[in-house]
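What follows is a short report on a single structure.
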Amino acid sequence: MEKVTVFAPASIGNVSVGFDVLGAALSPIDGELLGDCVTAEAYAGDGCELVCKGRFVDKLPADPKKNIVYGCYEAFAVALAARGGEARPLRLTLEKHLPIGSGLGSSAASIVAAFAAINAFHGNPFDDDSILRLMGELEGSISGAVHYDNVAPCYLGGLQLMLERPGQISAGLPVFDEWYWVSAYPGITVSTAEARAILPKHYSRSDIVAHGRHIATFVHASYAGDRVLAAEALVDVVAEPYRKQLIPRFDTMKQAMVAEGALAVGISGSGPSIFAVAPTLPQAQRMEAWLKQHFLQNERGFAHICRIDTRGTRVVE
């Protein structure tokens, strides 16, 4: 293989009820590829040459060697060398279509697309579990802790529950095909580190019990096919009460979404993006219109009506 382009979709970390253990990949219903692309191709020089482009390229480090995609090549080379292999010189092109610090798994999408492209270029020497662990480690170097709630759904697709057991990072949960996931990025940045710092160091016993009950109920309802019970369980007692202050007009937005019939509303990952679950397309369209008019802060913001992306990362060229 002399050239391969891989697309990695945006994702919702936590999905309200599953702090650090639940994540979902997103796919706009209009067919737009909401995510990042990385192209790996043969390079006549040494090591890795990185080229960056795309709508949000201006927020990337000026020095290519400080870019996480370059870090993916370095980490892959080390891991391959440990197996007795040698990484080929590559030119990597990152198409950055997700905003940094958006709560849509931006860093995960770049990391996943890069590792998947590099792995495919080399004939896939790493299986899904091995490459996912490399993805999680690099993602953890950015956020401060290894967690897979963005990289796993981004790579595998669907709604993923983190197991983190030997040989199995996550397991896919059943999804409700009738649900529309309205996603909106207001156009501002919230760093993962900032969003984690605002959380309390200790939680009350009642919050811990409530959290456990909600996620257990959601998993049960997903397998039982009970849409009403699953929606009722999408409650965040861990992060939303604290992180919502980082998102302008969050409470007003949530009230508006509920008034339009939202089954659930939550913060996407660390924020500031949000999601609202709509039971019908007309309701989703009204939510999208409200968000575009009242929630977006500037021209960099956007809103999409999505389904859960069941395909995950894929070769597009």
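How things are named: the first chain in the structure tokens is A, the next is B, and so on; residues count from 1 in each chain; ligands count from 1 in the order shown.
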
task: Skip Ala24 of chain A itself and residues of its chain fewer than 3 positions away, then list as a ChimeraX atom specification all residues within 9 Å of it, counting only C-alpha atoms.
output: /A:10-15,149-150,152-154,157-160,308-309

Export of prior selection with N, CA and C atoms as an mmCIF file, in the first residue's frame:
```cif
data_model
loop_
_atom_site.group_PDB
_atom_site.id
_atom_site.type_symbol
_atom_site.label_atom_id
_atom_site.label_comp_id
_atom_site.auth_asym_id
_atom_site.auth_seq_id
_atom_site.Cartn_x
_atom_site.Cartn_y
_atom_site.Cartn_z
ATOM 1 N N ALA A 10 -16.633 12.148 14.889
ATOM 2 C CA ALA A 10 -16.790 12.833 16.173
ATOM 3 C C ALA A 10 -17.458 11.882 17.161
ATOM 4 N N SER A 11 -17.339 12.194 18.436
ATOM 5 C CA SER A 11 -17.922 11.325 19.454
ATOM 6 C C SER A 11 -18.393 12.123 20.662
ATOM 7 N N ILE A 12 -19.313 11.517 21.393
ATOM 8 C CA ILE A 12 -19.801 12.067 22.652
ATOM 9 C C ILE A 12 -19.213 11.230 23.773
ATOM 10 N N GLY A 13 -18.364 11.819 24.593
ATOM 11 C CA GLY A 13 -17.857 11.121 25.764
ATOM 12 C C GLY A 13 -18.834 11.242 26.913
ATOM 13 N N ASN A 14 -18.871 10.252 27.777
ATOM 14 C CA ASN A 14 -19.719 10.206 28.981
ATOM 15 C C ASN A 14 -21.177 9.874 28.662
ATOM 16 N N VAL A 15 -21.748 10.513 27.625
ATOM 17 C CA VAL A 15 -23.169 10.367 27.291
ATOM 18 C C VAL A 15 -24.012 10.555 28.557
ATOM 19 N N ASP A 149 -13.343 6.556 26.432
ATOM 20 C CA ASP A 149 -14.730 6.819 26.073
ATOM 21 C C ASP A 149 -14.888 7.637 24.799
ATOM 22 N N ASN A 150 -13.812 8.233 24.297
ATOM 23 C CA ASN A 150 -13.851 8.860 22.968
ATOM 24 C C ASN A 150 -13.195 7.977 21.917
ATOM 25 N N ALA A 152 -12.606 4.722 21.767
ATOM 26 C CA ALA A 152 -13.257 3.437 21.455
ATOM 27 C C ALA A 152 -14.451 3.605 20.519
ATOM 28 N N PRO A 153 -15.414 4.490 20.825
ATOM 29 C CA PRO A 153 -16.505 4.654 19.847
ATOM 30 C C PRO A 153 -16.035 5.267 18.537
ATOM 31 N N CYS A 154 -15.063 6.157 18.602
ATOM 32 C CA CYS A 154 -14.524 6.757 17.387
ATOM 33 C C CYS A 154 -13.942 5.679 16.473
ATOM 34 N N GLY A 157 -17.033 2.564 16.413
ATOM 35 C CA GLY A 157 -18.386 2.979 16.089
ATOM 36 C C GLY A 157 -19.373 2.579 17.167
ATOM 37 N N GLY A 158 -20.596 3.086 17.044
ATOM 38 C CA GLY A 158 -21.663 2.708 17.941
ATOM 39 C C GLY A 158 -21.608 3.375 19.296
ATOM 40 N N LEU A 159 -22.303 2.768 20.241
ATOM 41 C CA LEU A 159 -22.347 3.195 21.637
ATOM 42 C C LEU A 159 -21.537 2.180 22.415
ATOM 43 N N GLN A 160 -20.407 2.624 22.956
ATOM 44 C CA GLN A 160 -19.452 1.703 23.559
ATOM 45 C C GLN A 160 -19.386 1.877 25.076
ATOM 46 N N ILE A 308 -26.418 7.686 15.649
ATOM 47 C CA ILE A 308 -25.212 7.036 16.136
ATOM 48 C C ILE A 308 -24.484 6.418 14.937
ATOM 49 N N ASP A 309 -23.216 6.731 14.809
ATOM 50 C CA ASP A 309 -22.389 6.211 13.707
ATOM 51 C C ASP A 309 -21.960 4.793 14.065
#
```

Per residue of segment 170-205 of chain A within 10 Å of segment 278-297 of chain A, note the shortest atom pair and the distance in Å to one decimal, counting only C-alpha atoms, and order the rows by chain and increasing residue number, as a Markdown table.
```
| residue | atom | partner | partner_atom | distance |
| --- | --- | --- | --- | --- |
| A:Phe176 | CA | A:Pro279 | CA | 9.8 |
| A:Asp177 | CA | A:Pro279 | CA | 9.9 |
| A:Glu178 | CA | A:Pro279 | CA | 6.5 |
| A:Trp179 | CA | A:Pro279 | CA | 5.2 |
| A:Tyr180 | CA | A:Ala278 | CA | 5.0 |
| A:Trp181 | CA | A:Ala278 | CA | 6.4 |
| A:Val182 | CA | A:Ala284 | CA | 6.4 |
| A:Ser183 | CA | A:Glu288 | CA | 8.0 |
| A:Ala184 | CA | A:Leu291 | CA | 6.9 |
| A:Tyr185 | CA | A:Leu296 | CA | 6.9 |
| A:Pro186 | CA | A:Leu296 | CA | 4.0 |
| A:Gly187 | CA | A:Gln297 | CA | 5.7 |
| A:Ile188 | CA | A:Gln297 | CA | 7.2 |
```

Now that the selection is made, can you save its residues with N, CA and C atoms as a compact mmCIF listing (two decimals), in the first residue's frame?
```txt
# COMPACT_ATOMS: atom_id res chain seq x y z
N PHE A 176 -30.85 2.83 19.98
CA PHE A 176 -32.23 3.03 19.54
C PHE A 176 -32.19 3.78 18.21
N ASP A 177 -32.50 3.07 17.15
CA ASP A 177 -32.42 3.65 15.81
C ASP A 177 -33.39 4.80 15.61
N GLU A 178 -34.44 4.87 16.43
CA GLU A 178 -35.43 5.92 16.27
C GLU A 178 -34.94 7.27 16.79
N TRP A 179 -33.92 7.27 17.61
CA TRP A 179 -33.46 8.50 18.24
C TRP A 179 -32.61 9.34 17.28
N TYR A 180 -32.83 10.64 17.34
CA TYR A 180 -31.98 11.61 16.66
C TYR A 180 -31.15 12.33 17.73
N TRP A 181 -29.85 12.42 17.49
CA TRP A 181 -28.95 13.07 18.42
C TRP A 181 -28.56 14.43 17.84
N VAL A 182 -29.11 15.48 18.41
CA VAL A 182 -28.81 16.83 17.93
C VAL A 182 -27.58 17.33 18.69
N SER A 183 -26.53 17.58 17.94
CA SER A 183 -25.25 17.99 18.54
C SER A 183 -24.95 19.44 18.16
N ALA A 184 -24.49 20.22 19.15
CA ALA A 184 -24.18 21.63 18.88
C ALA A 184 -22.90 22.03 19.58
N TYR A 185 -22.01 22.66 18.82
CA TYR A 185 -20.77 23.24 19.33
C TYR A 185 -20.92 24.75 19.29
N PRO A 186 -20.84 25.44 20.44
CA PRO A 186 -21.13 26.88 20.46
C PRO A 186 -20.05 27.76 19.86
N GLY A 187 -18.85 27.22 19.63
CA GLY A 187 -17.79 28.02 19.02
C GLY A 187 -16.74 28.51 19.99
N ILE A 188 -16.84 28.10 21.26
CA ILE A 188 -15.84 28.47 22.25
C ILE A 188 -15.08 27.21 22.67
```

If I take atom CA of Val6 of chain A and atom CA of Ala117 of chain A, how far is one from the other in Å, to one decimal?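 Answer for the atom CA of Val6 of chain A to atom CA of Ala117 of chain A separation: 5.6 Å.
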
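In this comparison, which uses only C-alpha atoms, the residue of A:Asp20, A:Asp236, A:Tyr155, A:Met1 approaching Arg311 of chain A most closely is A:Tyr155.
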
Check: Where does DSSP see strand (DSSP E or B) in segment 34-191 of chain A, if you list the residues as an MDAnalysis selection string?
Finding: chainID A and resid 35:42 48:53 90:95 159:165 168:173 180:185

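Atom to atom, atom CA of Gly103 of chain A and atom CA of Pro272 of chain A stand 5.9 Å apart.
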
*Would you mind telling me which residue in A:Gly212, A:Gly18, A:Gly71, A:Pro89 lies nearest to Tyr43 of chain A when using only C-alpha atoms?*
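Smallest separation from Tyr43 of chain A among the options: A:Pro89.
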
> Where does DSSP see alpha helix (DSSP H) in segment 39-251 of chain A, if you list the residues as a PyMOL selection string?
Replying inline: chain A and resi 68-82+106-121+128-143+151-156+192-197+205-224+227-233+240-243+250-251

Print the selection's residues with C-alpha atoms to a file, as a PDB file, in the first residue's frame.
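Saved to out_16.pdb:
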```pdb
ATOM      1  CA  ILE A  68      -0.480  14.730  18.238  1.00  0.00           C
ATOM      2  CA  VAL A  69      -0.552  13.131  14.787  1.00  0.00           C
ATOM      3  CA  TYR A  70       3.236  13.314  14.637  1.00  0.00           C
ATOM      4  CA  GLY A  71       3.222  11.757  18.100  1.00  0.00           C
ATOM      5  CA  CYS A  72       1.126   8.904  16.727  1.00  0.00           C
ATOM      6  CA  TYR A  73       3.824   8.101  14.180  1.00  0.00           C
ATOM      7  CA  GLU A  74       6.503   8.136  16.871  1.00  0.00           C
ATOM      8  CA  ALA A  75       4.465   5.916  19.200  1.00  0.00           C
ATOM      9  CA  PHE A  76       3.649   3.500  16.367  1.00  0.00           C
ATOM     10  CA  ALA A  77       7.332   3.291  15.395  1.00  0.00           C
ATOM     11  CA  VAL A  78       8.328   2.466  18.982  1.00  0.00           C
ATOM     12  CA  ALA A  79       5.600  -0.168  19.336  1.00  0.00           C
ATOM     13  CA  LEU A  80       6.478  -1.743  15.983  1.00  0.00           C
ATOM     14  CA  ALA A  81      10.177  -1.797  16.852  1.00  0.00           C
ATOM     15  CA  ALA A  82       9.304  -3.670  20.053  1.00  0.00           C
ATOM     16  CA  SER A 106     -11.392  16.240  18.551  1.00  0.00           C
ATOM     17  CA  SER A 107      -8.058  14.934  19.793  1.00  0.00           C
ATOM     18  CA  ALA A 108      -9.418  11.380  19.744  1.00  0.00           C
ATOM     19  CA  ALA A 109     -10.499  11.722  16.106  1.00  0.00           C
ATOM     20  CA  SER A 110      -7.036  12.902  15.054  1.00  0.00           C
ATOM     21  CA  ILE A 111      -5.324  10.178  17.066  1.00  0.00           C
ATOM     22  CA  VAL A 112      -7.631   7.411  15.879  1.00  0.00           C
ATOM     23  CA  ALA A 113      -7.468   8.446  12.224  1.00  0.00           C
ATOM     24  CA  ALA A 114      -3.673   8.714  12.399  1.00  0.00           C
ATOM     25  CA  PHE A 115      -3.064   5.353  14.073  1.00  0.00           C
ATOM     26  CA  ALA A 116      -5.593   3.630  11.809  1.00  0.00           C
ATOM     27  CA  ALA A 117      -3.999   5.112   8.682  1.00  0.00           C
ATOM     28  CA  ILE A 118      -0.455   4.304   9.781  1.00  0.00           C
ATOM     29  CA  ASN A 119      -1.458   0.787  10.798  1.00  0.00           C
ATOM     30  CA  ALA A 120      -3.267   0.183   7.485  1.00  0.00           C
ATOM     31  CA  PHE A 121      -0.302   1.548   5.533  1.00  0.00           C
ATOM     32  CA  ASP A 128      -8.007  -3.737  17.269  1.00  0.00           C
ATOM     33  CA  ASP A 129      -7.214  -4.212  20.952  1.00  0.00           C
ATOM     34  CA  SER A 130      -3.518  -3.411  20.531  1.00  0.00           C
ATOM     35  CA  ILE A 131      -4.060  -0.313  18.411  1.00  0.00           C
ATOM     36  CA  LEU A 132      -6.832   0.909  20.743  1.00  0.00           C
ATOM     37  CA  ARG A 133      -4.425   0.730  23.669  1.00  0.00           C
ATOM     38  CA  LEU A 134      -1.919   2.843  21.757  1.00  0.00           C
ATOM     39  CA  MET A 135      -4.690   5.328  20.972  1.00  0.00           C
ATOM     40  CA  GLY A 136      -5.778   5.500  24.599  1.00  0.00           C
ATOM     41  CA  GLU A 137      -2.253   6.014  25.877  1.00  0.00           C
ATOM     42  CA  LEU A 138      -1.651   8.941  23.545  1.00  0.00           C
ATOM     43  CA  GLU A 139      -5.059  10.439  24.313  1.00  0.00           C
ATOM     44  CA  GLY A 140      -4.204  10.099  28.002  1.00  0.00           C
ATOM     45  CA  SER A 141      -0.975  12.030  27.529  1.00  0.00           C
ATOM     46  CA  ILE A 142      -3.133  15.002  26.479  1.00  0.00           C
ATOM     47  CA  SER A 143      -5.959  14.781  29.021  1.00  0.00           C
ATOM     48  CA  VAL A 151     -11.281   6.695  21.177  1.00  0.00           C
ATOM     49  CA  ALA A 152     -13.257   3.437  21.455  1.00  0.00           C
ATOM     50  CA  PRO A 153     -16.505   4.654  19.847  1.00  0.00           C
ATOM     51  CA  CYS A 154     -14.524   6.757  17.387  1.00  0.00           C
ATOM     52  CA  TYR A 155     -12.578   3.682  16.261  1.00  0.00           C
ATOM     53  CA  LEU A 156     -15.212   0.948  16.619  1.00  0.00           C
ATOM     54  CA  THR A 192     -10.353  18.854  29.203  1.00  0.00           C
ATOM     55  CA  ALA A 193      -7.955  19.786  31.992  1.00  0.00           C
ATOM     56  CA  GLU A 194     -10.083  22.798  32.944  1.00  0.00           C
ATOM     57  CA  ALA A 195     -13.262  20.743  32.832  1.00  0.00           C
ATOM     58  CA  ARG A 196     -11.727  18.084  35.085  1.00  0.00           C
ATOM     59  CA  ALA A 197     -10.317  20.614  37.525  1.00  0.00           C
ATOM     60  CA  ARG A 205     -22.786   8.726  49.018  1.00  0.00           C
ATOM     61  CA  SER A 206     -26.168   9.655  47.560  1.00  0.00           C
ATOM     62  CA  ASP A 207     -24.542  10.883  44.327  1.00  0.00           C
ATOM     63  CA  ILE A 208     -22.513   7.682  44.003  1.00  0.00           C
ATOM     64  CA  VAL A 209     -25.605   5.540  44.535  1.00  0.00           C
ATOM     65  CA  ALA A 210     -27.605   7.620  42.043  1.00  0.00           C
ATOM     66  CA  HIS A 211     -24.829   7.423  39.445  1.00  0.00           C
ATOM     67  CA  GLY A 212     -24.575   3.653  39.754  1.00  0.00           C
ATOM     68  CA  ARG A 213     -28.342   3.279  39.526  1.00  0.00           C
ATOM     69  CA  HIS A 214     -28.605   5.478  36.429  1.00  0.00           C
ATOM     70  CA  ILE A 215     -25.917   3.723  34.405  1.00  0.00           C
ATOM     71  CA  ALA A 216     -27.117   0.264  35.423  1.00  0.00           C
ATOM     72  CA  THR A 217     -30.649   1.242  34.418  1.00  0.00           C
ATOM     73  CA  PHE A 218     -29.451   2.625  31.080  1.00  0.00           C
ATOM     74  CA  VAL A 219     -27.532  -0.553  30.207  1.00  0.00           C
ATOM     75  CA  HIS A 220     -30.508  -2.707  31.226  1.00  0.00           C
ATOM     76  CA  ALA A 221     -32.935  -0.558  29.233  1.00  0.00           C
ATOM     77  CA  SER A 222     -30.666  -0.648  26.170  1.00  0.00           C
ATOM     78  CA  TYR A 223     -30.723  -4.449  26.111  1.00  0.00           C
ATOM     79  CA  ALA A 224     -34.414  -4.583  26.999  1.00  0.00           C
ATOM     80  CA  ARG A 227     -36.629   3.610  25.053  1.00  0.00           C
ATOM     81  CA  VAL A 228     -38.577   5.373  27.793  1.00  0.00           C
ATOM     82  CA  LEU A 229     -36.559   3.862  30.620  1.00  0.00           C
ATOM     83  CA  ALA A 230     -33.253   4.453  28.790  1.00  0.00           C
ATOM     84  CA  ALA A 231     -34.074   8.132  28.246  1.00  0.00           C
ATOM     85  CA  GLU A 232     -35.098   8.570  31.893  1.00  0.00           C
ATOM     86  CA  ALA A 233     -31.741   7.138  32.955  1.00  0.00           C
ATOM     87  CA  GLU A 240     -23.049  18.437  34.564  1.00  0.00           C
ATOM     88  CA  PRO A 241     -23.878  20.198  37.867  1.00  0.00           C
ATOM     89  CA  TYR A 242     -20.336  21.617  37.888  1.00  0.00           C
ATOM     90  CA  ARG A 243     -19.346  21.889  34.220  1.00  0.00           C
ATOM     91  CA  PHE A 250     -26.659  26.066  29.337  1.00  0.00           C
ATOM     92  CA  ASP A 251     -29.721  26.098  31.588  1.00  0.00           C
TER      93      ASP A 251
END
```

Pro64 of chain A proximity check over A:Asn124, A:Ser268, A:Thr93, A:Gln255, using only C-alpha atoms: winner is A:Thr93
